[in-house]
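**Q** Sharing start-v2.tsv, TSV, C-alpha atoms and all ligand atoms:
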chain	number	residue	atom	x	y	z
I	922	MET	CA	84.04	79.80	102.63
I	923	ALA	CA	82.70	82.73	100.59
I	924	THR	CA	79.35	82.45	98.88
I	925	GLN	CA	77.71	84.49	96.16
I	926	ALA	CA	75.97	86.50	98.83
I	927	ASP	CA	79.28	87.45	100.40
I	928	THR	CA	79.94	90.39	98.09
I	929	LYS	CA	82.85	91.67	100.12
I	930	THR	CA	85.24	88.83	99.28
I	931	LEU	CA	87.43	89.35	96.25
I	932	LEU	CA	89.92	86.54	96.66
I	933	GLU	CA	89.89	83.33	98.61
I	934	VAL	CA	92.95	81.13	98.92
I	935	ASN	CA	92.30	77.64	100.22
I	936	ASP	CA	95.00	75.23	101.33
I	937	LEU	CA	97.53	76.51	98.79
I	938	SER	CA	100.88	74.74	98.66
I	939	VAL	CA	103.90	75.33	96.42
I	940	ASP	CA	107.10	73.31	96.08
I	941	TYR	CA	110.34	74.09	94.27
I	942	LEU	CA	111.63	70.83	92.89
I	943	ALA	CA	115.36	71.26	93.51
I	944	ALA	CA	117.99	68.60	92.81
I	945	ASN	CA	118.57	68.04	96.52
I	946	GLY	CA	114.90	67.70	97.44
I	947	ALA	CA	111.60	69.55	97.21
I	948	VAL	CA	111.57	72.94	98.94
I	949	HIS	CA	108.13	73.35	100.54
I	950	ALA	CA	108.00	77.11	100.07
I	951	VAL	CA	104.25	77.60	100.70
I	952	ARG	CA	102.41	75.11	102.90
I	953	ASN	CA	98.63	74.89	103.14
I	954	VAL	CA	98.01	78.62	103.22
I	955	ASN	CA	94.45	79.89	103.68
I	956	PHE	CA	93.33	83.47	103.58
I	957	ARG	CA	90.64	85.74	102.26
I	958	LEU	CA	91.04	89.22	100.80
I	959	GLY	CA	88.16	91.68	100.80
I	960	ARG	CA	87.36	94.13	97.97
I	961	GLY	CA	89.54	97.20	98.42
I	962	GLU	CA	91.46	95.59	101.29
I	963	ILE	CA	95.17	96.27	101.72
I	964	LEU	CA	96.99	93.19	102.99
I	965	GLY	CA	100.67	93.35	103.91
I	966	LEU	CA	102.78	90.20	103.90
I	967	ALA	CA	105.66	90.11	106.36
I	968	GLY	CA	108.24	87.61	107.50
I	969	GLU	CA	111.96	86.93	107.32
I	970	SER	CA	113.66	86.42	104.00
I	971	GLY	CA	112.90	83.02	102.49
I	972	CYS	CA	109.64	82.41	104.36
I	973	GLY	CA	107.58	82.21	101.14
I	974	LYS	CA	106.03	85.67	100.73
I	975	SER	CA	106.95	86.13	97.06
I	976	THR	CA	106.14	82.53	96.22
I	977	LEU	CA	102.67	82.94	97.73
I	978	ALA	CA	102.04	86.24	95.91
I	979	TYR	CA	103.19	84.81	92.57
I	980	ALA	CA	101.19	81.63	93.05
I	981	VAL	CA	98.03	83.71	93.48
I	982	ALA	CA	98.79	85.44	90.17
I	983	ARG	CA	99.84	82.10	88.63
I	984	LEU	CA	103.17	83.57	87.71
I	985	LEU	CA	105.36	80.76	89.00
I	986	ARG	CA	107.58	78.93	86.55
I	987	PRO	CA	109.36	75.57	86.99
I	988	PRO	CA	110.98	74.42	89.19
I	989	ALA	CA	108.05	75.88	91.17
I	990	TYR	CA	104.89	73.77	91.18
I	991	ILE	CA	101.56	74.39	92.86
I	992	THR	CA	101.04	71.08	94.62
I	993	GLY	CA	97.59	71.72	96.07
I	994	GLY	CA	94.83	74.12	96.93
I	995	GLU	CA	92.72	76.65	95.08
I	996	VAL	CA	92.68	80.37	94.35
I	997	LEU	CA	89.13	81.62	93.95
I	998	TYR	CA	88.41	85.03	92.51
I	999	TYR	CA	85.00	86.67	92.86
I	1000	ALA	CA	84.82	88.99	89.86
I	1001	GLY	CA	81.53	90.73	90.65
I	1002	ALA	CA	80.41	93.95	89.02
I	1003	ARG	CA	82.56	97.03	89.49
I	1004	THR	CA	81.29	100.05	91.34
I	1005	ASP	CA	80.39	101.63	87.99
I	1006	GLY	CA	78.36	98.52	87.14
I	1007	SER	CA	80.80	97.41	84.44
I	1008	THR	CA	82.58	94.12	84.19
I	1009	ARG	CA	85.59	93.65	81.98
I	1010	LEU	CA	86.09	89.94	81.76
I	1011	PRO	CA	84.80	88.22	78.62
I	1012	ARG	CA	81.67	86.17	79.27
I	1013	HIS	CA	83.41	82.79	79.08
I	1014	VAL	CA	85.99	83.82	81.69
I	1015	ARG	CA	83.26	85.08	83.95
I	1016	ALA	CA	81.57	81.69	83.80
I	1017	THR	CA	81.37	80.87	87.47
I	1018	ASP	CA	81.09	77.79	89.61
I	1019	ALA	CA	78.29	77.23	92.11
I	1020	ARG	CA	80.00	79.56	94.55
I	1021	GLY	CA	80.23	82.40	92.02
I	1022	ALA	CA	84.00	82.11	91.79
I	1023	ILE	CA	86.61	81.92	89.06
I	1024	ASP	CA	89.13	79.22	89.86
I	1025	VAL	CA	92.35	80.99	88.89
I	1026	LEU	CA	94.44	77.82	88.95
I	1027	GLN	CA	92.16	76.23	86.34
I	1028	LEU	CA	92.08	79.08	83.80
I	1029	SER	CA	93.35	78.30	80.30
I	1030	PRO	CA	96.41	80.35	79.20
I	1031	ARG	CA	94.17	82.65	77.10
I	1032	ASP	CA	91.70	83.24	79.91
I	1033	LEU	CA	94.53	83.74	82.35
I	1034	ARG	CA	95.86	86.57	80.15
I	1035	GLU	CA	92.43	88.22	80.15
I	1036	PHE	CA	92.19	87.79	83.89
I	1037	ARG	CA	95.63	89.25	84.53
I	1038	TRP	CA	95.13	92.32	82.40
I	1039	ASN	CA	91.59	93.09	83.39
I	1040	GLU	CA	91.48	92.23	87.06
I	1041	LEU	CA	95.02	92.01	88.32
I	1042	SER	CA	98.20	94.11	88.08
I	1043	ILE	CA	101.56	93.01	89.37
I	1044	VAL	CA	104.49	95.25	90.24
I	1045	PHE	CA	107.72	93.30	90.65
I	1046	GLN	CA	110.76	94.12	92.74
I	1047	SER	CA	112.69	95.66	89.87
I	1048	ALA	CA	109.72	96.97	87.90
I	1049	MET	CA	111.08	100.45	87.42
I	1050	ASN	CA	114.08	99.01	85.60
I	1051	ALA	CA	111.78	97.01	83.34
I	1052	LEU	CA	110.43	100.10	81.55
I	1053	ASN	CA	111.36	100.09	77.88
I	1054	PRO	CA	114.41	102.41	77.63
I	1055	VAL	CA	113.78	103.40	73.99
I	1056	MET	CA	110.13	104.39	74.35
I	1057	THR	CA	108.70	107.42	76.16
I	1058	VAL	CA	106.82	106.56	79.34
I	1059	GLY	CA	103.68	108.13	77.84
I	1060	ASN	CA	103.83	105.81	74.85
I	1061	GLN	CA	104.30	102.84	77.19
I	1062	ILE	CA	101.07	103.67	79.02
I	1063	MET	CA	99.21	104.35	75.78
I	1064	ASP	CA	100.48	101.07	74.38
I	1065	VAL	CA	98.88	99.16	77.25
I	1066	LEU	CA	95.62	101.02	76.65
I	1067	ALA	CA	95.75	100.45	72.88
I	1068	THR	CA	96.31	96.72	73.36
I	1069	HIS	CA	93.69	96.11	76.02
I	1070	ARG	CA	91.09	98.83	75.38
I	1071	ARG	CA	90.65	98.43	71.66
I	1072	ASN	CA	87.67	100.74	71.51
I	1073	MET	CA	89.54	103.61	73.07
I	1074	LYS	CA	90.41	106.35	70.56
I	1075	ALA	CA	93.92	107.88	70.45
I	1076	ASP	CA	92.69	111.13	72.04
I	1077	ALA	CA	91.05	109.29	74.92
I	1078	ARG	CA	94.21	107.25	75.46
I	1079	LYS	CA	96.23	110.46	75.68
I	1080	ARG	CA	93.78	111.95	78.16
I	1081	ARG	CA	93.81	108.79	80.25
I	1082	ALA	CA	97.64	108.71	80.29
I	1083	ALA	CA	97.74	112.35	81.47
I	1084	GLU	CA	95.11	111.61	84.12
I	1085	LEU	CA	97.13	108.61	85.37
I	1086	PHE	CA	100.30	110.70	85.58
I	1087	GLU	CA	98.46	113.35	87.57
I	1088	MET	CA	97.13	110.64	89.87
I	1089	VAL	CA	100.63	109.45	90.70
I	1090	GLY	CA	101.94	112.98	91.15
I	1091	ILE	CA	103.90	113.50	87.92
I	1092	ALA	CA	103.26	116.51	85.69
I	1093	PRO	CA	101.64	115.22	82.46
I	1094	ASP	CA	104.30	116.97	80.33
I	1095	ARG	CA	106.71	114.27	81.58
I	1096	LEU	CA	104.77	111.74	79.46
I	1097	LYS	CA	107.22	112.69	76.71
I	1098	SER	CA	110.22	111.66	78.83
I	1099	TYR	CA	112.24	108.52	78.35
I	1100	PRO	CA	112.79	106.40	81.49
I	1101	HIS	CA	116.43	107.56	81.87
I	1102	GLU	CA	115.22	111.17	82.04
I	1103	LEU	CA	113.20	110.43	85.19
I	1104	SER	CA	114.47	109.98	88.75
I	1105	GLY	CA	114.09	106.54	90.42
I	1106	GLY	CA	111.05	107.74	92.36
I	1107	MET	CA	109.42	109.11	89.20
I	1108	ARG	CA	110.08	105.89	87.31
I	1109	GLN	CA	108.44	103.97	90.11
I	1110	ARG	CA	105.47	106.33	89.99
I	1111	ALA	CA	105.25	105.75	86.22
I	1112	VAL	CA	105.20	101.99	86.87
I	1113	ILE	CA	102.34	102.50	89.33
I	1114	ALA	CA	100.50	104.54	86.67
I	1115	ILE	CA	100.86	101.62	84.26
I	1116	ALA	CA	99.64	99.20	86.96
I	1117	LEU	CA	96.55	101.35	87.44
I	1118	ALA	CA	95.92	102.00	83.74
I	1119	LEU	CA	93.31	99.28	83.28
I	1120	GLN	CA	91.63	99.83	86.65
I	1121	PRO	CA	92.44	96.42	88.12
I	1122	GLU	CA	90.50	95.15	91.11
I	1123	LEU	CA	93.66	93.70	92.65
I	1124	ILE	CA	97.29	94.81	92.64
I	1125	ILE	CA	100.14	92.66	93.89
I	1126	MET	CA	103.37	94.47	94.75
I	1127	ASP	CA	106.54	92.67	95.74
I	1128	GLU	CA	109.01	95.03	97.41
I	1129	PRO	CA	108.07	97.81	94.99
I	1130	THR	CA	110.50	100.29	96.45
I	1131	THR	CA	113.65	98.42	97.46
I	1132	ALA	CA	115.88	100.29	94.98
I	1133	LEU	CA	114.83	103.69	96.33
I	1134	ASP	CA	116.06	105.67	99.32
I	1135	VAL	CA	113.95	105.40	102.46
I	1136	VAL	CA	112.27	108.78	102.16
I	1137	VAL	CA	111.14	108.12	98.58
I	1138	GLN	CA	110.14	104.56	99.55
I	1139	ARG	CA	107.80	105.91	102.20
I	1140	GLU	CA	106.33	108.48	99.79
I	1141	ILE	CA	105.70	105.87	97.10
I	1142	LEU	CA	104.12	103.36	99.47
I	1143	GLN	CA	101.91	106.07	100.93
I	1144	LEU	CA	100.89	107.03	97.40
I	1145	ILE	CA	100.07	103.42	96.51
I	1146	SER	CA	97.98	102.89	99.60
I	1147	SER	CA	96.05	106.16	99.24
I	1148	LEU	CA	95.36	105.46	95.55
I	1149	CYS	CA	94.14	101.96	96.37
I	1150	LYS	CA	91.84	103.38	99.03
I	1151	GLU	CA	90.55	106.07	96.66
I	1152	LEU	CA	89.93	103.61	93.82
I	1153	SER	CA	88.77	100.74	96.08
I	1154	THR	CA	91.50	98.56	94.63
I	1155	ALA	CA	92.62	95.62	96.75
I	1156	LEU	CA	96.36	95.38	97.31
I	1157	ILE	CA	98.65	92.62	98.50
I	1158	PHE	CA	102.06	94.05	99.19
I	1159	ILE	CA	105.34	92.80	100.47
I	1160	THR	CA	107.96	95.00	102.03
I	1161	HIS	CA	110.71	94.40	104.56
I	1162	ASP	CA	109.77	97.63	106.32
I	1163	LEU	CA	107.42	96.22	108.91
I	1164	SER	CA	106.61	99.58	110.49
I	1165	LEU	CA	105.50	100.96	107.12
I	1166	LEU	CA	103.53	97.82	106.41
I	1167	ILE	CA	101.64	98.18	109.68
I	1168	GLU	CA	101.01	101.85	108.99
I	1169	LEU	CA	99.65	101.36	105.48
I	1170	ALA	CA	97.95	97.96	105.44
I	1171	ASP	CA	94.47	97.21	106.78
I	1172	ASN	CA	95.57	93.71	107.67
I	1173	VAL	CA	98.92	92.05	108.06
I	1174	ALA	CA	99.76	88.39	107.52
I	1175	ILE	CA	102.96	87.09	109.08
I	1176	MET	CA	104.60	84.16	107.30
I	1177	TYR	CA	107.08	81.73	108.72
I	1178	ALA	CA	108.59	78.68	107.00
I	1179	GLY	CA	105.97	78.71	104.24
I	1180	LYS	CA	102.98	79.04	106.55
I	1181	MET	CA	100.82	81.93	107.60
I	1182	VAL	CA	101.35	82.02	111.36
I	1183	GLU	CA	99.33	85.12	112.18
I	1184	LYS	CA	96.79	87.29	110.37
I	1185	ALA	CA	95.10	90.28	111.93
I	1186	LYS	CA	94.24	93.93	111.66
I	1187	SER	CA	97.43	95.98	111.54
I	1188	SER	CA	96.62	97.70	114.81
I	1189	ASP	CA	96.02	94.38	116.58
I	1190	ILE	CA	99.32	92.94	115.37
I	1191	TYR	CA	101.07	96.10	116.42
I	1192	LEU	CA	99.53	96.47	119.86
I	1193	HIS	CA	99.36	92.83	120.83
I	1194	PRO	CA	101.00	90.34	118.48
I	1195	ARG	CA	99.84	86.86	119.54
I	1196	HIS	CA	102.30	84.52	117.87
I	1197	PRO	CA	105.73	84.52	119.51
I	1198	TYR	CA	107.27	84.82	116.03
I	1199	SER	CA	105.23	87.95	115.26
I	1200	TYR	CA	106.33	89.41	118.57
I	1201	GLY	CA	109.96	88.63	117.82
I	1202	LEU	CA	109.71	90.06	114.32
I	1203	LEU	CA	108.09	93.28	115.53
I	1204	ASN	CA	110.69	93.59	118.20
I	1205	SER	CA	113.52	93.39	115.73
I	1206	PHE	CA	112.56	96.87	114.49
I	1207	PRO	CA	112.78	100.08	116.48
I	1208	THR	CA	109.44	101.90	116.74
I	1209	LEU	CA	108.74	105.60	117.08
I	1210	HIS	CA	105.22	105.31	118.43
I	1211	GLY	CA	103.25	102.91	120.59
I	1212	PRO	CA	104.33	100.70	123.45
I	1213	GLN	CA	108.01	100.76	124.39
I	1214	ARG	CA	109.66	97.34	124.14
I	1215	ILE	CA	113.17	96.23	124.82
I	1216	MET	CA	114.55	95.19	121.44
I	1217	VAL	CA	115.53	91.55	121.43
I	1218	GLY	CA	116.15	89.69	118.19
I	1219	ILE	CA	114.88	86.18	117.45
I	1220	PRO	CA	117.63	83.65	118.11
I	1221	GLY	CA	118.57	81.12	115.45
I	1222	SER	CA	117.41	80.97	111.85
I	1223	PRO	CA	114.44	79.54	109.91
I	1224	PRO	CA	114.37	75.77	109.29
I	1225	ASP	CA	115.34	74.00	106.10
I	1226	LEU	CA	112.15	73.95	104.01
I	1227	ARG	CA	113.08	70.58	102.50
I	1228	THR	CA	112.97	68.62	105.75
I	1229	LEU	CA	110.01	69.86	107.74
I	1230	ALA	CA	108.40	67.48	110.17
I	1231	GLU	CA	105.05	67.66	111.99
I	1232	GLY	CA	104.78	70.19	114.77
I	1233	CYS	CA	105.35	73.93	114.91
I	1234	SER	CA	108.18	75.04	112.60
I	1235	PHE	CA	109.09	77.86	114.98
I	1236	ARG	CA	109.53	75.63	118.03
I	1237	ASP	CA	113.35	75.53	117.97
I	1238	ARG	CA	113.52	79.34	118.20
I	1239	CYS	CA	110.53	79.89	120.43
I	1240	PRO	CA	111.06	80.84	124.09
I	1241	PHE	CA	107.69	79.25	124.95
I	1242	ALA	CA	107.83	75.92	123.09
I	1243	PHE	CA	106.50	72.93	125.00
I	1244	GLU	CA	105.93	69.25	124.33
I	1245	SER	CA	102.90	69.56	122.00
I	1246	CYS	CA	104.78	71.97	119.72
I	1247	ASN	CA	107.13	69.13	118.77
I	1248	HIS	CA	104.53	66.89	117.18
I	1249	ILE	CA	101.22	68.73	116.61
I	1250	THR	CA	101.06	71.37	113.87
I	1251	PRO	CA	99.08	74.33	115.22
I	1252	PRO	CA	96.22	75.52	112.97
I	1253	LEU	CA	95.67	79.22	112.19
I	1254	SER	CA	92.70	80.04	114.40
I	1255	PRO	CA	91.29	82.80	116.62
I	1256	ALA	CA	93.74	83.35	119.45
I	1257	VAL	CA	91.87	85.22	122.17
I	1258	ARG	CA	88.22	86.12	122.59
I	1259	ALA	CA	88.87	89.86	122.81
I	1260	THR	CA	90.09	89.99	119.19
I	1261	PRO	CA	88.25	87.19	117.36
I	1262	ASP	CA	89.55	88.29	113.93
I	1263	GLN	CA	93.13	87.93	115.06
I	1264	LEU	CA	94.27	84.47	113.97
I	1265	ALA	CA	97.42	82.80	115.23
I	1266	ALA	CA	98.88	79.35	114.64
I	1267	CYS	CA	100.16	78.73	118.15
I	1268	HIS	CA	99.35	76.16	120.85
I	1269	LEU	CA	99.75	78.79	123.56
I	1270	TYR	CA	96.19	79.87	122.71
I	1271	ASN	CA	94.73	76.39	122.76
I	1272	PRO	CA	93.22	75.96	126.24
I	1273	ALA	CA	93.28	72.19	125.80
I	1274	LEU	CA	97.07	72.28	125.53
I	1275	SER	CA	98.17	75.37	127.42
I	1276	SER	CA	96.59	77.78	129.84
I	1277	PRO	CA	96.30	80.68	130.41
I	1278	ALA	CA	96.95	82.41	127.06
I	1279	PRO	CA	99.97	84.69	127.33
I	1280	ALA	CA	99.62	88.48	127.30
I	1281	THR	CA	101.99	90.65	125.25
I	1282	GLN	CA	103.97	91.35	128.40
I	1283	ASP	CA	104.50	87.61	128.88
I	1284	LEU	CA	105.86	87.33	125.33
I	1285	ALA	CA	108.17	90.26	126.09
I	1286	SER	CA	109.43	88.65	129.32
I	1287	GLY	CA	110.03	85.34	127.55
I	1288	TYR	CA	112.28	86.98	124.95
I	1289	GLU	CA	114.05	89.11	127.56
I	1290	ASN	CA	114.81	86.05	129.67
I	1291	LEU	CA	116.10	84.27	126.61
I	1292	ALA	CA	118.36	87.23	125.76
I	1293	GLN	CA	119.67	87.41	129.32
I	1294	ARG	CA	120.47	83.70	129.34
I	1295	SER	CA	122.19	84.13	126.01
I	1296	VAL	CA	124.32	87.05	127.32
I	1297	GLY	CA	125.14	85.01	130.39
I	1298	GLY	CA	126.36	82.28	128.06
I	1299	SER	CA	123.96	79.71	129.46
I	1300	ILE	CA	121.63	79.36	126.46
I	1301	GLU	CA	121.22	75.74	125.46
Q	1	LIG	N1	114.04	78.58	92.11
Q	1	LIG	C1	114.08	78.10	93.35
Q	1	LIG	N2	114.56	76.86	93.60
Q	1	LIG	C2	114.60	76.34	94.84
Q	1	LIG	N3	114.16	77.01	95.93
Q	1	LIG	C3	113.68	78.24	95.75
Q	1	LIG	C4	113.61	78.86	94.46
Q	1	LIG	N4	113.08	80.11	94.60
Q	1	LIG	C5	112.83	80.25	95.93
Q	1	LIG	N5	113.18	79.13	96.61
Q	1	LIG	C6	113.05	78.90	98.06
Q	1	LIG	O1	111.69	79.05	98.43
Q	1	LIG	C7	111.61	79.63	99.72
Q	1	LIG	C8	110.66	80.83	99.68
Q	1	LIG	O2	111.26	81.85	98.89
Q	1	LIG	P1	110.54	83.25	98.65
Q	1	LIG	O3	111.38	84.02	97.69
Q	1	LIG	O4	109.13	83.01	98.30
Q	1	LIG	O5	110.63	83.90	100.11
Q	1	LIG	P2	110.41	85.42	100.51
Q	1	LIG	O6	109.80	85.38	101.86
Q	1	LIG	O7	109.69	86.15	99.46
Q	1	LIG	O8	111.92	85.94	100.63
Q	1	LIG	P3	112.49	87.41	100.31
Q	1	LIG	O9	111.90	88.31	101.36
Q	1	LIG	O10	113.97	87.22	100.47
Q	1	LIG	O11	112.09	87.76	98.91
Q	1	LIG	C9	113.03	79.97	100.14
Q	1	LIG	O12	113.49	79.00	101.00
Q	1	LIG	C10	113.80	79.95	98.86
Q	1	LIG	O13	115.13	79.56	99.08
Would you mind writing the file's structure down as structure tokens?
Ligand SMILES: Nc1ncnc2c1ncn2[C@@H]1O[C@H](COP(=O)(O)OP(=O)(O)OP(=O)(O)O)[C@@H](O)[C@H]1O
**A**
Amino acid sequence: MATQADTKTLLEVNDLSVDYLAANGAVHAVRNVNFRLGRGEILGLAGESGCGKSTLAYAVARLLRPPAYITGGEVLYYAGARTDGSTRLPRHVRATDARGAIDVLQLSPRDLREFRWNELSIVFQSAMNALNPVMTVGNQIMDVLATHRRNMKADARKRRAAELFEMVGIAPDRLKSYPHELSGGMRQRAVIAIALALQPELIIMDEPTTALDVVVQREILQLISSLCKELSTALIFITHDLSLLIELADNVAIMYAGKMVEKAKSSDIYLHPRHPYSYGLLNSFPTLHGPQRIMVGIPGSPPDLRTLAEGCSFRDRCPFAFESCNHITPPLSPAVRATPDQLAACHLYNPALSSPAPATQDLASGYENLAQRSVGGSIE
């Protein structure tokens, strides 16, 4: 748990759970998730569709609406002073608990607004289509500044808008353009400029580039990650492009059935994924660099999130599942000694239940055997 002395932690999520209360039963979309995000850290969230990535990201920003309900846990935010010594939150919002944290889930609606605008920016999947079509993009940026930086004079707002456009690689004379006069890539860059306008400490991006072609997607994501590095802004981002995620994020968290099943440095996940699901996911994408692997998809599909029992949720699709996986839920914990920061929720790394821990090659062989059995028509 972070303490006041731990100045590197920006966000700490403890035991967070979210349900969607649907007519046919509660969907347990996020289940007891724990993670910590450092200042300026880029964390990529990956996992198949429906595994709870967006729900987790929106829960952290407290953006969920019914039928979604946060059923447990806490989201702690360590505001701290910025590198320039300033702090933007009003004094009463900064009021901290003994650990020096703001409990985001307990903020009043007014304080939450202050928190969101000053500390956090969110870029949604279709953000570039959410720009106001009857207002120039320049005026949209200046509007944000006028509303939230009341002391800023009109000239300074103009200068700041031009500076932001330059930062995201658009010529400042395009500030006079209306959204329809900009290409998709430029509109997305304008959205990023707006997200950066108030110098947030944390940006959350949910598939920010899905509507763009792959070349522009890559450019935009590279721009986002280099700006975050330059400005020491922390970023949580979700994209289906796992190879890009690994390239741009410092750390990657893999989600499955509402749980975080692996979290590690990008390079560790890439070179030696520990959780069989992470291995399967990585292997579903062709890679240009790094170790050659035979591509084998993960058989089956994710479980119904309304009827989850104890045990590992991945067991029915896992080539390595054994007895304990059926009834003991594996905790997210260090997998092997060589990479202590690499956490995996898998019994294969628990010496009390299974030994020895598998190497990446063993994971590969397990999937290959499964594929061969499947081709031979003998898969159970
Ligand atoms: N309004 C809703 N009512 C009921 N269930 C929902 C609702 N919204 C999402 N869910 C369910 O919650 C689970 C998690 O969804 P979520 O969108 O967070 O996953 P995701 O990993 O972000 O998926 P994607 O990559 O497709 O965006 C899914 O099973 C989904 O069907």
**Q** Near Phe1086 of chain I, within 10 Å and counting only C-alpha atoms, which residues show up once chain neighbours fewer than 3 positions away are dropped, as a list in words?
**A**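 What passes the distance filter is Val1058, Gly1059, Ile1062, Arg1080, Arg1081, Ala1082, Ala1083, Val1089, Gly1090, Ile1091, Ala1092, Pro1093, Asp1094, Arg1095, Leu1096, Met1107, Arg1110, Ala1111, Ile1113, Ala1114, Ile1115 and Ala1118 of chain I.
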**Q** Please measure the separation of atom O3 of ligand LIG 1 (chain Q) and atom CA of Thr1160 of chain I, giving the value in Å to one decimal.
**A**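 Computing it gives 12.3 Å between the two atoms.
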**Q** Give the answer as one residue: which of I:Thr1260, I:Ser938, I:Ser1245, I:Thr1130 has the shortest atom-to-atom distance to Ser1188 of chain I, using all atoms listed in the file?
**A** I:Thr1260
**Q** Once you add 3 Å to each side, what are the centre and edge lengths of the axis-aligned box holding all listed atoms of segment 1056-1068 of chain I? One decimal in Å, as lines of an AutoDock Vina configuration file, if you can.
**A**
center_x = 102.9
center_y = 102.4
center_z = 76.1
size_x = 20.5
size_y = 17.4
size_z = 12.5
**Q** May I ask you to write as a ChimeraX atom specification all residues lying at most 10 Å from ligand LIG 1 (chain Q), with all atoms listed in the file counted?
**A** /I:939-951,966-980,985-989,1046,1127-1128,1159-1161,1176-1179,1223-1227
**Q** Can you pull out the residues contacting Met1049 of chain I? Cut-off 7 Å, using all atoms listed in the file, and skip same-chain residues under 5 positions away; I want them as a PyMOL selection string.
**A** chain I and resi 1108-1109+1112
**Q** Determine the nearest neighbour of Ala1155 of chain I from the options I:Asp936, I:Glu1289, I:Asp1134, I:Glu962, counting all atoms listed in the file.
**A**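 Closest to Ala1155 of chain I, using all atoms listed in the file: I:Glu962.
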**Q** Counting all atoms listed in the file, figure out which residue out of I:Glu1087, I:Glu995, I:Asp1162, I:Asp1024 gets nearest to Val1135 of chain I.
**A**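 Going through I:Glu1087, I:Glu995, I:Asp1162, I:Asp1024 one by one, the smallest distance to Val1135 of chain I is for I:Asp1162.
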**Q** Could you tell me how far atom CA of Asp1032 of chain I lies from atom CA of Thr1068 of chain I, in Å and to one decimal?
**A**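 Result for atom CA of Asp1032 of chain I versus atom CA of Thr1068 of chain I: 15.7 Å, one decimal.
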**Q** Between atom CA of Asn1247 of chain I and atom CA of Leu1229 of chain I, what is the distance, to one decimal in Å?
**A**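 These atoms are spaced 11.4 Å apart.
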**Q** Counting only C-alpha atoms, which residue out of I:Leu1085, I:Leu1133, I:Cys1239, I:Val1182 sits closest to Pro1251 of chain I?
**A** I:Val1182
**Q** I want to know what sits within 9 Å of Val1137 of chain I, based on all atoms listed in the file, with residues of the same chain fewer than 5 positions away left out; could you give that as an MDAnalysis selection string?
**A** chainID I and resid 1105:1106 1130 1142
**Q** Using only C-alpha atoms, which of I:Pro1252, I:Gly994, I:Pro1261, I:Pro1194 sits nearest Val934 of chain I?
**A**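 Going through I:Pro1252, I:Gly994, I:Pro1261, I:Pro1194 one by one, the smallest distance to Val934 of chain I is for I:Gly994.
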**Q** Taking into account all atoms listed in the file, which residue in the set I:Ala1048, I:Leu1192, I:Ala1265, I:Ala1278 is nearest to Cys1233 of chain I?
**A**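 Closest to Cys1233 of chain I of all the choices is I:Ala1265.
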**Q** Any chance you could build segment 1126-1137 of chain I out to N, CA and C atoms and write it as a PDB file, keeping the file's coordinate frame?
**A**
ATOM      1  N   MET I1126     102.082  93.778  94.827  1.00  0.00           N
ATOM      2  CA  MET I1126     103.370  94.470  94.750  1.00  0.00           C
ATOM      3  C   MET I1126     104.391  93.765  95.621  1.00  0.00           C
ATOM      4  N   ASP I1127     105.490  93.358  94.999  1.00  0.00           N
ATOM      5  CA  ASP I1127     106.540  92.670  95.740  1.00  0.00           C
ATOM      6  C   ASP I1127     107.704  93.635  95.910  1.00  0.00           C
ATOM      7  N   GLU I1128     107.917  94.093  97.105  1.00  0.00           N
ATOM      8  CA  GLU I1128     109.010  95.030  97.410  1.00  0.00           C
ATOM      9  C   GLU I1128     109.112  96.098  96.326  1.00  0.00           C
ATOM     10  N   PRO I1129     108.055  96.890  96.135  1.00  0.00           N
ATOM     11  CA  PRO I1129     108.070  97.810  94.990  1.00  0.00           C
ATOM     12  C   PRO I1129     109.076  98.934  95.122  1.00  0.00           C
ATOM     13  N   THR I1130     109.667  99.095  96.282  1.00  0.00           N
ATOM     14  CA  THR I1130     110.500 100.290  96.450  1.00  0.00           C
ATOM     15  C   THR I1130     111.917  99.991  96.940  1.00  0.00           C
ATOM     16  N   THR I1131     112.352  98.749  96.843  1.00  0.00           N
ATOM     17  CA  THR I1131     113.650  98.420  97.460  1.00  0.00           C
ATOM     18  C   THR I1131     114.812  99.223  96.876  1.00  0.00           C
ATOM     19  N   ALA I1132     114.733  99.607  95.583  1.00  0.00           N
ATOM     20  CA  ALA I1132     115.880 100.290  94.980  1.00  0.00           C
ATOM     21  C   ALA I1132     115.904 101.780  95.312  1.00  0.00           C
ATOM     22  N   LEU I1133     114.922 102.243  96.080  1.00  0.00           N
ATOM     23  CA  LEU I1133     114.830 103.690  96.330  1.00  0.00           C
ATOM     24  C   LEU I1133     115.292 104.034  97.745  1.00  0.00           C
ATOM     25  N   ASP I1134     115.655 105.325  97.952  1.00  0.00           N
ATOM     26  CA  ASP I1134     116.060 105.670  99.320  1.00  0.00           C
ATOM     27  C   ASP I1134     114.833 105.698 100.219  1.00  0.00           C
ATOM     28  N   VAL I1135     115.067 105.640 101.539  1.00  0.00           N
ATOM     29  CA  VAL I1135     113.950 105.400 102.460  1.00  0.00           C
ATOM     30  C   VAL I1135     112.869 106.469 102.420  1.00  0.00           C
ATOM     31  N   VAL I1136     113.270 107.718 102.175  1.00  0.00           N
ATOM     32  CA  VAL I1136     112.270 108.780 102.160  1.00  0.00           C
ATOM     33  C   VAL I1136     111.341 108.595 100.952  1.00  0.00           C
ATOM     34  N   VAL I1137     111.952 108.324  99.790  1.00  0.00           N
ATOM     35  CA  VAL I1137     111.140 108.120  98.580  1.00  0.00           C
ATOM     36  C   VAL I1137     110.306 106.845  98.717  1.00  0.00           C
TER      37      VAL I1137
END
